file coords_18.pdb (PDB, C-alpha atoms, pLDDT in the B column)
ATOM      1  CA  MET A   1      26.522  10.733 -63.674  1.00 50.00           C
ATOM      2  CA  ARG A   2      24.771  11.780 -66.898  1.00 51.00           C
ATOM      3  CA  GLY A   3      23.568   8.283 -67.495  1.00 51.00           C
ATOM      4  CA  SER A   4      21.958   8.057 -64.087  1.00 51.00           C
ATOM      5  CA  LYS A   5      20.146  11.408 -64.545  1.00 51.00           C
ATOM      6  CA  GLN A   6      18.725  10.277 -67.817  1.00 51.00           C
ATOM      7  CA  VAL A   7      17.443   7.043 -66.266  1.00 49.00           C
ATOM      8  CA  VAL A   8      15.627   8.911 -63.468  1.00 50.00           C
ATOM      9  CA  SER A   9      14.135  11.494 -65.841  1.00 53.00           C
ATOM     10  CA  SER A  10      12.879   8.795 -68.113  1.00 56.00           C
ATOM     11  CA  LEU A  11      10.832   7.171 -65.275  1.00 51.00           C
ATOM     12  CA  PRO A  12       7.044   7.588 -65.403  1.00 59.00           C
ATOM     13  CA  ARG A  13       5.530  10.520 -63.422  1.00 58.00           C
ATOM     14  CA  ASN A  14       3.593   8.261 -60.995  1.00 58.00           C
ATOM     15  CA  LEU A  15       6.828   6.487 -60.101  1.00 53.00           C
ATOM     16  CA  LEU A  16       8.682   9.790 -59.607  1.00 49.00           C
ATOM     17  CA  SER A  17       6.013  10.933 -57.078  1.00 55.00           C
ATOM     18  CA  LYS A  18       7.040   8.109 -54.770  1.00 56.00           C
ATOM     19  CA  PHE A  19      10.418   9.760 -54.247  1.00 53.00           C
ATOM     20  CA  ARG A  20       8.893  13.088 -53.015  1.00 60.00           C
ATOM     21  CA  GLY A  21       8.679  14.013 -49.244  1.00 61.00           C
ATOM     22  CA  PHE A  22       5.546  15.050 -47.298  1.00 65.00           C
ATOM     23  CA  THR A  23       3.820  18.214 -48.365  1.00 77.00           C
ATOM     24  CA  ILE A  24       3.025  20.888 -45.768  1.00 79.00           C
ATOM     25  CA  VAL A  25      -0.664  19.937 -45.854  1.00 74.00           C
ATOM     26  CA  GLU A  26       0.114  16.282 -45.197  1.00 72.00           C
ATOM     27  CA  PHE A  27       2.441  17.232 -42.324  1.00 73.00           C
ATOM     28  CA  VAL A  28      -0.199  19.478 -40.713  1.00 78.00           C
ATOM     29  CA  VAL A  29      -2.891  16.776 -41.004  1.00 79.00           C
ATOM     30  CA  ALA A  30      -0.584  14.113 -39.546  1.00 75.00           C
ATOM     31  CA  SER A  31       0.384  16.420 -36.675  1.00 78.00           C
ATOM     32  CA  ALA A  32      -3.276  17.190 -35.918  1.00 79.00           C
ATOM     33  CA  ILE A  33      -4.128  13.485 -35.827  1.00 85.00           C
ATOM     34  CA  LEU A  34      -1.168  12.825 -33.511  1.00 81.00           C
ATOM     35  CA  VAL A  35      -2.233  15.642 -31.161  1.00 83.00           C
ATOM     36  CA  ILE A  36      -5.805  14.276 -31.022  1.00 84.00           C
ATOM     37  CA  LEU A  37      -4.555  10.767 -30.263  1.00 81.00           C
ATOM     38  CA  MET A  38      -2.181  11.995 -27.546  1.00 80.00           C
ATOM     39  CA  SER A  39      -4.911  14.154 -25.975  1.00 78.00           C
ATOM     40  CA  GLY A  40      -7.294  11.188 -25.887  1.00 75.00           C
ATOM     41  CA  LEU A  41      -4.636   8.980 -24.304  1.00 76.00           C
ATOM     42  CA  LEU A  42      -3.859  11.651 -21.690  1.00 75.00           C
ATOM     43  CA  MET A  43      -7.562  11.983 -20.812  1.00 79.00           C
ATOM     44  CA  ILE A  44      -7.870   8.213 -20.389  1.00 74.00           C
ATOM     45  CA  LEU A  45      -4.817   8.154 -18.088  1.00 65.00           C
ATOM     46  CA  GLN A  46      -6.136  11.078 -16.003  1.00 69.00           C
ATOM     47  CA  GLN A  47      -9.563   9.477 -15.676  1.00 71.00           C
ATOM     48  CA  GLY A  48      -7.983   6.202 -14.605  1.00 62.00           C
ATOM     49  CA  GLU A  49      -5.879   7.977 -11.979  1.00 65.00           C
ATOM     50  CA  LEU A  50      -8.955   9.866 -10.698  1.00 62.00           C
ATOM     51  CA  THR A  51     -11.043   6.686 -10.493  1.00 70.00           C
ATOM     52  CA  THR A  52      -8.267   4.864  -8.634  1.00 72.00           C
ATOM     53  CA  GLY A  53      -7.839   7.756  -6.187  1.00 75.00           C
ATOM     54  CA  ILE A  54     -11.557   7.958  -5.434  1.00 80.00           C
ATOM     55  CA  GLY A  55     -11.820   4.181  -5.079  1.00 84.00           C
ATOM     56  CA  THR A  56      -8.945   4.146  -2.581  1.00 87.00           C
ATOM     57  CA  ALA A  57     -10.518   7.032  -0.636  1.00 88.00           C
ATOM     58  CA  LYS A  58     -13.849   5.161  -0.422  1.00 91.00           C
ATOM     59  CA  VAL A  59     -12.148   2.081   0.983  1.00 89.00           C
ATOM     60  CA  ASP A  60     -10.278   4.195   3.551  1.00 92.00           C
ATOM     61  CA  LEU A  61     -13.497   6.001   4.526  1.00 93.00           C
ATOM     62  CA  GLU A  62     -15.386   2.737   5.106  1.00 94.00           C
ATOM     63  CA  ALA A  63     -12.496   1.346   7.159  1.00 94.00           C
ATOM     64  CA  GLU A  64     -12.426   4.455   9.376  1.00 95.00           C
ATOM     65  CA  VAL A  65     -16.183   4.262  10.036  1.00 96.00           C
ATOM     66  CA  LYS A  66     -16.086   0.542  10.807  1.00 96.00           C
ATOM     67  CA  MET A  67     -13.156   1.023  13.181  1.00 95.00           C
ATOM     68  CA  LEU A  68     -15.045   3.701  15.124  1.00 96.00           C
ATOM     69  CA  VAL A  69     -18.245   1.620  15.338  1.00 97.00           C
ATOM     70  CA  ASP A  70     -16.239  -1.376  16.563  1.00 96.00           C
ATOM     71  CA  TRP A  71     -14.536   0.784  19.174  1.00 95.00           C
ATOM     72  CA  ILE A  72     -17.834   2.138  20.539  1.00 97.00           C
ATOM     73  CA  THR A  73     -19.363  -1.352  20.536  1.00 95.00           C
ATOM     74  CA  LYS A  74     -16.461  -2.847  22.497  1.00 94.00           C
ATOM     75  CA  ASP A  75     -16.699  -0.034  25.038  1.00 95.00           C
ATOM     76  CA  LEU A  76     -20.424  -0.592  25.555  1.00 94.00           C
ATOM     77  CA  ARG A  77     -19.887  -4.290  26.190  1.00 90.00           C
ATOM     78  CA  GLN A  78     -17.939  -3.281  29.315  1.00 90.00           C
ATOM     79  CA  THR A  79     -20.851  -1.592  31.074  1.00 91.00           C
ATOM     80  CA  ASN A  80     -24.532  -2.197  31.813  1.00 88.00           C
ATOM     81  CA  SER A  81     -27.730  -0.346  31.044  1.00 88.00           C
ATOM     82  CA  VAL A  82     -28.240   0.928  34.615  1.00 86.00           C
ATOM     83  CA  ASN A  83     -24.776   2.465  34.716  1.00 87.00           C
ATOM     84  CA  LEU A  84     -25.203   3.880  31.226  1.00 89.00           C
ATOM     85  CA  THR A  85     -28.563   5.523  31.897  1.00 88.00           C
ATOM     86  CA  ASN A  86     -28.186   6.888  35.410  1.00 84.00           C
ATOM     87  CA  ASN A  87     -28.961  10.567  35.927  1.00 76.00           C
ATOM     88  CA  ASP A  88     -25.370  11.523  36.694  1.00 82.00           C
ATOM     89  CA  ASN A  89     -24.232  10.286  33.289  1.00 86.00           C
ATOM     90  CA  ASP A  90     -27.062  12.103  31.449  1.00 88.00           C
ATOM     91  CA  PRO A  91     -27.050  10.141  28.158  1.00 93.00           C
ATOM     92  CA  ASP A  92     -28.538  11.549  24.934  1.00 94.00           C
ATOM     93  CA  TYR A  93     -27.977  11.674  21.152  1.00 95.00           C
ATOM     94  CA  THR A  94     -24.621  13.392  21.548  1.00 96.00           C
ATOM     95  CA  HIS A  95     -23.288  12.156  24.887  1.00 96.00           C
ATOM     96  CA  LEU A  96     -22.564   8.847  26.616  1.00 96.00           C
ATOM     97  CA  LYS A  97     -20.636   8.248  29.809  1.00 94.00           C
ATOM     98  CA  PHE A  98     -20.266   4.949  31.639  1.00 93.00           C
ATOM     99  CA  ASN A  99     -18.031   3.187  34.113  1.00 92.00           C
ATOM    100  CA  LEU A 100     -16.221   0.045  33.017  1.00 90.00           C
ATOM    101  CA  TRP A 101     -16.496  -3.311  34.717  1.00 85.00           C
ATOM    102  CA  VAL A 102     -13.591  -5.400  35.903  1.00 81.00           C
ATOM    103  CA  TRP A 103     -13.407  -8.971  37.119  1.00 81.00           C
ATOM    104  CA  ASP A 104     -12.951  -9.279  40.879  1.00 81.00           C
ATOM    105  CA  ASN A 105     -11.016 -12.451  41.692  1.00 84.00           C
ATOM    106  CA  ALA A 106     -11.927 -12.302  45.388  1.00 84.00           C
ATOM    107  CA  THR A 107     -15.701 -12.352  44.874  1.00 84.00           C
ATOM    108  CA  LYS A 108     -15.634 -14.000  41.440  1.00 80.00           C
ATOM    109  CA  ASN A 109     -17.968 -11.299  40.213  1.00 83.00           C
ATOM    110  CA  ILE A 110     -18.030  -8.338  37.895  1.00 80.00           C
ATOM    111  CA  ILE A 111     -17.638  -5.016  39.693  1.00 84.00           C
ATOM    112  CA  TYR A 112     -17.665  -1.511  38.273  1.00 84.00           C
ATOM    113  CA  SER A 113     -14.476   0.497  38.602  1.00 88.00           C
ATOM    114  CA  ASP A 114     -13.949   4.247  38.809  1.00 91.00           C
ATOM    115  CA  SER A 115     -12.479   4.162  35.315  1.00 93.00           C
ATOM    116  CA  TYR A 116     -14.916   5.374  32.696  1.00 94.00           C
ATOM    117  CA  VAL A 117     -15.407   6.135  29.010  1.00 96.00           C
ATOM    118  CA  GLU A 118     -17.116   9.277  27.789  1.00 96.00           C
ATOM    119  CA  TYR A 119     -18.208  10.150  24.253  1.00 97.00           C
ATOM    120  CA  ASN A 120     -19.056  13.736  23.301  1.00 97.00           C
ATOM    121  CA  TYR A 121     -20.307  14.807  19.872  1.00 98.00           C
ATOM    122  CA  ASN A 122     -19.970  18.422  18.746  1.00 97.00           C
ATOM    123  CA  SER A 123     -22.273  19.210  15.806  1.00 95.00           C
ATOM    124  CA  SER A 124     -20.713  22.627  15.125  1.00 96.00           C
ATOM    125  CA  ASN A 125     -17.325  21.162  14.183  1.00 96.00           C
ATOM    126  CA  GLN A 126     -18.609  17.628  13.428  1.00 97.00           C
ATOM    127  CA  THR A 127     -16.241  15.986  15.882  1.00 97.00           C
ATOM    128  CA  LEU A 128     -16.756  12.952  18.109  1.00 97.00           C
ATOM    129  CA  VAL A 129     -14.340  12.757  21.038  1.00 98.00           C
ATOM    130  CA  ARG A 130     -13.763   9.570  23.030  1.00 97.00           C
ATOM    131  CA  GLY A 131     -12.350  10.189  26.474  1.00 97.00           C
ATOM    132  CA  TYR A 132     -11.011   7.419  28.687  1.00 96.00           C
ATOM    133  CA  TYR A 133     -10.324   8.098  32.340  1.00 95.00           C
ATOM    134  CA  ASP A 134      -7.959   5.618  33.994  1.00 93.00           C
ATOM    135  CA  ALA A 135      -8.690   5.702  37.734  1.00 91.00           C
ATOM    136  CA  SER A 136      -5.506   3.827  38.626  1.00 88.00           C
ATOM    137  CA  THR A 137      -3.310   6.612  37.237  1.00 93.00           C
ATOM    138  CA  SER A 138      -5.811   9.514  37.338  1.00 93.00           C
ATOM    139  CA  THR A 139      -5.093  10.074  33.650  1.00 95.00           C
ATOM    140  CA  THR A 140      -7.467  10.982  30.819  1.00 94.00           C
ATOM    141  CA  PHE A 141      -6.811   9.923  27.223  1.00 96.00           C
ATOM    142  CA  ASN A 142      -8.712  11.559  24.350  1.00 96.00           C
ATOM    143  CA  ASN A 143      -9.227  10.434  20.759  1.00 96.00           C
ATOM    144  CA  ALA A 144     -10.952  12.755  18.291  1.00 96.00           C
ATOM    145  CA  PHE A 145     -12.801  11.620  15.155  1.00 96.00           C
ATOM    146  CA  PHE A 146     -13.489  14.311  12.564  1.00 96.00           C
ATOM    147  CA  ASN A 147     -16.079  14.874   9.806  1.00 95.00           C
ATOM    148  CA  ILE A 148     -18.762  12.900  11.678  1.00 97.00           C
ATOM    149  CA  THR A 149     -21.921  14.517  10.311  1.00 96.00           C
ATOM    150  CA  LEU A 150     -24.606  12.959  12.543  1.00 95.00           C
ATOM    151  CA  PRO A 151     -25.111  12.538  16.289  1.00 96.00           C
ATOM    152  CA  PRO A 152     -24.157   8.896  16.850  1.00 97.00           C
ATOM    153  CA  PHE A 153     -26.488   7.558  19.588  1.00 97.00           C
ATOM    154  CA  TYR A 154     -30.130   6.468  19.185  1.00 97.00           C
ATOM    155  CA  THR A 155     -32.668   4.036  20.577  1.00 95.00           C
ATOM    156  CA  SER A 156     -34.692   3.960  17.345  1.00 95.00           C
ATOM    157  CA  TYR A 157     -33.398   4.900  13.915  1.00 95.00           C
ATOM    158  CA  THR A 158     -34.941   4.834  10.438  1.00 94.00           C
ATOM    159  CA  ASP A 159     -33.027   7.566   8.662  1.00 92.00           C
ATOM    160  CA  GLU A 160     -31.386  10.912   9.371  1.00 91.00           C
ATOM    161  CA  ILE A 161     -34.764  12.496  10.146  1.00 92.00           C
ATOM    162  CA  VAL A 162     -36.793   9.709  11.754  1.00 92.00           C
ATOM    163  CA  ASN A 163     -34.928   8.783  14.940  1.00 94.00           C
ATOM    164  CA  ASP A 164     -35.265   8.900  18.719  1.00 95.00           C
ATOM    165  CA  PHE A 165     -33.383   8.519  21.982  1.00 94.00           C
ATOM    166  CA  ASN A 166     -34.867   7.628  25.360  1.00 92.00           C
ATOM    167  CA  THR A 167     -33.435   5.832  28.357  1.00 90.00           C
ATOM    168  CA  THR A 168     -36.378   3.438  28.765  1.00 89.00           C
ATOM    169  CA  ASP A 169     -35.843   1.936  25.323  1.00 91.00           C
ATOM    170  CA  LEU A 170     -32.111   1.881  25.927  1.00 89.00           C
ATOM    171  CA  ARG A 171     -32.600  -0.315  29.000  1.00 87.00           C
ATOM    172  CA  MET A 172     -35.105  -2.584  27.241  1.00 87.00           C
ATOM    173  CA  GLU A 173     -33.901  -2.730  23.644  1.00 88.00           C
ATOM    174  CA  GLY A 174     -30.317  -1.532  23.567  1.00 91.00           C
ATOM    175  CA  LEU A 175     -28.507   1.250  21.759  1.00 95.00           C
ATOM    176  CA  ILE A 176     -28.285   1.987  18.033  1.00 96.00           C
ATOM    177  CA  ILE A 177     -24.962   3.417  16.900  1.00 97.00           C
ATOM    178  CA  VAL A 178     -24.982   5.440  13.681  1.00 97.00           C
ATOM    179  CA  VAL A 179     -21.710   6.766  12.324  1.00 97.00           C
ATOM    180  CA  LYS A 180     -21.762   8.880   9.177  1.00 96.00           C
ATOM    181  CA  LYS A 181     -18.466  10.300   7.984  1.00 96.00           C
ATOM    182  CA  GLU A 182     -17.825  12.548   5.006  1.00 94.00           C
ATOM    183  CA  LYS A 183     -14.754  13.708   3.118  1.00 90.00           C
ATOM    184  CA  THR A 184     -13.984  15.479  -0.160  1.00 87.00           C
ATOM    185  CA  VAL A 185     -11.556  13.864  -2.586  1.00 82.00           C
ATOM    186  CA  ARG A 186     -10.540  15.861  -5.667  1.00 77.00           C
ATOM    187  CA  ASP A 187     -13.616  18.071  -5.358  1.00 83.00           C
ATOM    188  CA  ARG A 188     -15.917  15.048  -5.114  1.00 85.00           C
ATOM    189  CA  PRO A 189     -17.911  14.559  -1.881  1.00 90.00           C
ATOM    190  CA  LEU A 190     -17.812  11.039  -0.413  1.00 92.00           C
ATOM    191  CA  ASN A 191     -19.723   9.691   2.575  1.00 93.00           C
ATOM    192  CA  PHE A 192     -20.307   6.375   4.295  1.00 95.00           C
ATOM    193  CA  THR A 193     -22.839   5.474   7.004  1.00 96.00           C
ATOM    194  CA  MET A 194     -22.811   2.410   9.250  1.00 96.00           C
ATOM    195  CA  VAL A 195     -25.641   1.435  11.608  1.00 96.00           C
ATOM    196  CA  GLU A 196     -25.044  -1.081  14.413  1.00 96.00           C
ATOM    197  CA  LYS A 197     -27.416  -2.160  17.191  1.00 95.00           C
ATOM    198  CA  VAL A 198     -25.766  -3.029  20.500  1.00 94.00           C
ATOM    199  CA  ARG A 199     -27.428  -4.971  23.296  1.00 91.00           C
ATOM    200  CA  VAL A 200     -26.216  -3.496  26.569  1.00 89.00           C
ATOM    201  CA  ARG A 201     -26.072  -5.976  29.474  1.00 84.00           C
ATOM    202  CA  ASN A 202     -28.747  -5.443  32.128  1.00 79.00           C
ATOM    203  CA  GLU A 203     -27.047  -6.983  35.177  1.00 66.00           C
TER     204      GLU A 203
END

call {"tool": "encode", "arguments": {"input": "coords_18.pdb", "output": "structure tokens"}}
result
Amino acid sequence: MRGSKQVVSSLPRNLLSKFRGFTIVEFVVASAILVILMSGLLMILQQGELTTGIGTAKVDLEAEVKMLVDWITKDLRQTNSVNLTNNDNDPDYTHLKFNLWVWDNATKNIIYSDSYVEYNYNSSNQTLVRGYYDASTSTTFNNAFFNITLPPFYTSYTDEIVNDFNTTDLRMEGLIIVVKKEKTVRDRPLNFTMVEKVRVRNE
């Protein structure tokens, strides 16, 4: 044992320093660097999660708007401009009502049934309701679409301010459907607007 102690003590000072542990200062500095690195990594992960969540919400929002526009368009293809614009139905920016045609095998012609579709937009709660009345069963089915921030029906449309609705243009030119939907995702407002012009049959 003595021999080994003498060998160690006879080593140069710079070689002896290699056998020492970390000092408190070195430990504190290393810990601070580790905390900074971990904080940066956590921020990157949180930002990535936020970006992914917002991206997914945008895709969902666009899909919802497109589905609603497609639904309205398909409904309108089952009526004609005279039925759509008659005084009893009273169409405007916020309201459409129209009977649906069916194929009559006896006459080989299109006839209009007592079944009808009605759209009503409520600006106070930003809701568009689609009602379908089935004359064969005397039953009404309603579908509500929320966070719709604009009236959806126009005959001319440039933007949210420059727009118009009149029955003459509807008969001649068709109907412009504008659906704007908004939602908030993680305190970030998102919105998507789709504009579609529909030619309504005249006969």

call {"tool": "atom_distance", "arguments": {"input": "coords_18.pdb", "atom1": "atom CA of A:Tyr119", "atom2": "atom CA of A:Met67"}}
result
15.2 Å

call {"tool": "residues_near_point", "arguments": {"input": "coords_18.pdb", "point": "(-17.3, 12.4, 12.1)", "cutoff": "7 Å", "atoms": "all atoms listed in the file", "output": "MDAnalysis selection string"}}
result
chainID A and resid 126:128 145:149 180:181

call {"tool": "resolve_selection", "arguments": {"input": "coords_18.pdb", "expression": "the PyMOL selection byres ((chain A and resi 71-77) around 10)", "output": "VMD selection string"}}
result
chain A and resid 65 to 70 78 to 81 84 96 to 101 116 to 119 130 152 175 to 177 196 to 201

call {"tool": "residues_near_point", "arguments": {"input": "coords_18.pdb", "point": "(-17.2, 9.0, 1.7)", "cutoff": "9 Å", "atoms": "all atoms listed in the file", "output": "ChimeraX atom specification"}}
result
/A:57-62,180-185,189-193

call {"tool": "atom_distance", "arguments": {"input": "coords_18.pdb", "atom1": "atom CA of A:Lys108", "atom2": "atom CA of A:Asp134"}}
result
22.3 Å

call {"tool": "closest_residue", "arguments": {"input": "coords_18.pdb", "among": "A:Ser123, A:Thr167, A:Ser115, A:Asn109", "to": "A:Thr139", "atoms": "all atoms listed in the file"}}
result
A:Ser115

call {"tool": "residues_around", "arguments": {"input": "coords_18.pdb", "residues": "A:Phe141", "least_positions_apart": "3", "cutoff": "7 Å", "atoms": "only C-alpha atoms", "output": "PyMOL selection string"}}
result
chain A and resi 131-133

call {"tool": "write_last_selection", "arguments": {"input": "coords_18.pdb", "atoms": "C-alpha atoms", "output": "tab-separated table (two decimals), in the frame of the given file"}}
result
chain	number	residue	atom	x	y	z
A	131	GLY	CA	-12.35	10.19	26.47
A	132	TYR	CA	-11.01	7.42	28.69
A	133	TYR	CA	-10.32	8.10	32.34

call {"tool": "closest_residue", "arguments": {"input": "coords_18.pdb", "among": "A:Val29, A:Leu41, A:Trp103, A:Tyr112", "to": "A:Val82", "atoms": "all atoms listed in the file"}}
result
A:Tyr112

call {"tool": "decode", "arguments": {"input": "coords_18.pdb", "residues": "stretch 132-197 of chain A", "atoms": "C-alpha atoms", "output": "PDB file, in the first residue's frame"}}
result
ATOM      1  CA  TYR A 132     -86.661  18.838 -45.663  1.00  0.00           C
ATOM      2  CA  TYR A 133     -90.367  18.101 -45.710  1.00  0.00           C
ATOM      3  CA  ASP A 134     -91.276  14.636 -46.996  1.00  0.00           C
ATOM      4  CA  ALA A 135     -94.864  14.823 -48.268  1.00  0.00           C
ATOM      5  CA  SER A 136     -95.234  11.045 -48.446  1.00  0.00           C
ATOM      6  CA  THR A 137     -94.758  10.680 -44.684  1.00  0.00           C
ATOM      7  CA  SER A 138     -95.648  14.240 -43.576  1.00  0.00           C
ATOM      8  CA  THR A 139     -92.297  14.370 -41.792  1.00  0.00           C
ATOM      9  CA  THR A 140     -89.805  17.230 -41.500  1.00  0.00           C
ATOM     10  CA  PHE A 141     -86.071  16.615 -41.106  1.00  0.00           C
ATOM     11  CA  ASN A 142     -83.759  19.426 -39.964  1.00  0.00           C
ATOM     12  CA  ASN A 143     -79.988  19.791 -40.215  1.00  0.00           C
ATOM     13  CA  ALA A 144     -78.266  22.730 -38.526  1.00  0.00           C
ATOM     14  CA  PHE A 145     -74.900  24.183 -39.574  1.00  0.00           C
ATOM     15  CA  PHE A 146     -73.190  26.422 -37.027  1.00  0.00           C
ATOM     16  CA  ASN A 147     -70.664  29.292 -37.146  1.00  0.00           C
ATOM     17  CA  ILE A 148     -71.829  30.409 -40.609  1.00  0.00           C
ATOM     18  CA  THR A 149     -70.929  34.103 -40.508  1.00  0.00           C
ATOM     19  CA  LEU A 150     -72.559  35.376 -43.723  1.00  0.00           C
ATOM     20  CA  PRO A 151     -76.010  35.122 -45.300  1.00  0.00           C
ATOM     21  CA  PRO A 152     -75.508  32.454 -47.969  1.00  0.00           C
ATOM     22  CA  PHE A 153     -77.693  33.463 -50.957  1.00  0.00           C
ATOM     23  CA  TYR A 154     -76.920  36.133 -53.581  1.00  0.00           C
ATOM     24  CA  THR A 155     -77.495  36.965 -57.224  1.00  0.00           C
ATOM     25  CA  SER A 156     -74.341  39.096 -57.462  1.00  0.00           C
ATOM     26  CA  TYR A 157     -71.358  38.880 -55.143  1.00  0.00           C
ATOM     27  CA  THR A 158     -67.983  40.633 -55.067  1.00  0.00           C
ATOM     28  CA  ASP A 159     -67.114  40.537 -51.391  1.00  0.00           C
ATOM     29  CA  GLU A 160     -68.797  40.652 -47.992  1.00  0.00           C
ATOM     30  CA  ILE A 161     -69.932  44.241 -48.586  1.00  0.00           C
ATOM     31  CA  VAL A 162     -70.621  44.432 -52.323  1.00  0.00           C
ATOM     32  CA  ASN A 163     -73.437  41.956 -52.978  1.00  0.00           C
ATOM     33  CA  ASP A 164     -77.080  41.814 -54.036  1.00  0.00           C
ATOM     34  CA  PHE A 165     -80.127  39.579 -54.254  1.00  0.00           C
ATOM     35  CA  ASN A 166     -83.071  39.989 -56.615  1.00  0.00           C
ATOM     36  CA  THR A 167     -85.445  37.490 -58.156  1.00  0.00           C
ATOM     37  CA  THR A 168     -85.082  38.818 -61.715  1.00  0.00           C
ATOM     38  CA  ASP A 169     -81.363  38.072 -61.787  1.00  0.00           C
ATOM     39  CA  LEU A 170     -81.998  34.741 -60.115  1.00  0.00           C
ATOM     40  CA  ARG A 171     -84.292  33.697 -62.971  1.00  0.00           C
ATOM     41  CA  MET A 172     -81.900  34.989 -65.643  1.00  0.00           C
ATOM     42  CA  GLU A 173     -78.440  34.344 -64.220  1.00  0.00           C
ATOM     43  CA  GLY A 174     -78.784  31.839 -61.411  1.00  0.00           C
ATOM     44  CA  LEU A 175     -77.898  31.861 -57.737  1.00  0.00           C
ATOM     45  CA  ILE A 176     -74.553  32.511 -56.047  1.00  0.00           C
ATOM     46  CA  ILE A 177     -73.949  30.481 -52.902  1.00  0.00           C
ATOM     47  CA  VAL A 178     -71.457  31.899 -50.407  1.00  0.00           C
ATOM     48  CA  VAL A 179     -70.607  29.892 -47.315  1.00  0.00           C
ATOM     49  CA  LYS A 180     -68.209  31.372 -44.779  1.00  0.00           C
ATOM     50  CA  LYS A 181     -67.545  29.369 -41.641  1.00  0.00           C
ATOM     51  CA  GLU A 182     -65.362  30.294 -38.690  1.00  0.00           C
ATOM     52  CA  LYS A 183     -63.953  28.449 -35.698  1.00  0.00           C
ATOM     53  CA  THR A 184     -61.346  29.070 -32.997  1.00  0.00           C
ATOM     54  CA  VAL A 185     -58.604  26.502 -32.476  1.00  0.00           C
ATOM     55  CA  ARG A 186     -56.257  26.994 -29.516  1.00  0.00           C
ATOM     56  CA  ASP A 187     -57.133  30.686 -29.321  1.00  0.00           C
ATOM     57  CA  ARG A 188     -56.444  31.174 -33.033  1.00  0.00           C
ATOM     58  CA  PRO A 189     -59.356  32.240 -35.281  1.00  0.00           C
ATOM     59  CA  LEU A 190     -59.740  30.253 -38.515  1.00  0.00           C
ATOM     60  CA  ASN A 191     -62.169  30.862 -41.365  1.00  0.00           C
ATOM     61  CA  PHE A 192     -62.841  29.531 -44.840  1.00  0.00           C
ATOM     62  CA  THR A 193     -65.121  30.931 -47.562  1.00  0.00           C
ATOM     63  CA  MET A 194     -66.380  29.126 -50.658  1.00  0.00           C
ATOM     64  CA  VAL A 195     -68.297  30.792 -53.498  1.00  0.00           C
ATOM     65  CA  GLU A 196     -70.262  28.689 -56.004  1.00  0.00           C
ATOM     66  CA  LYS A 197     -72.560  29.853 -58.810  1.00  0.00           C
TER      67      LYS A 197
END
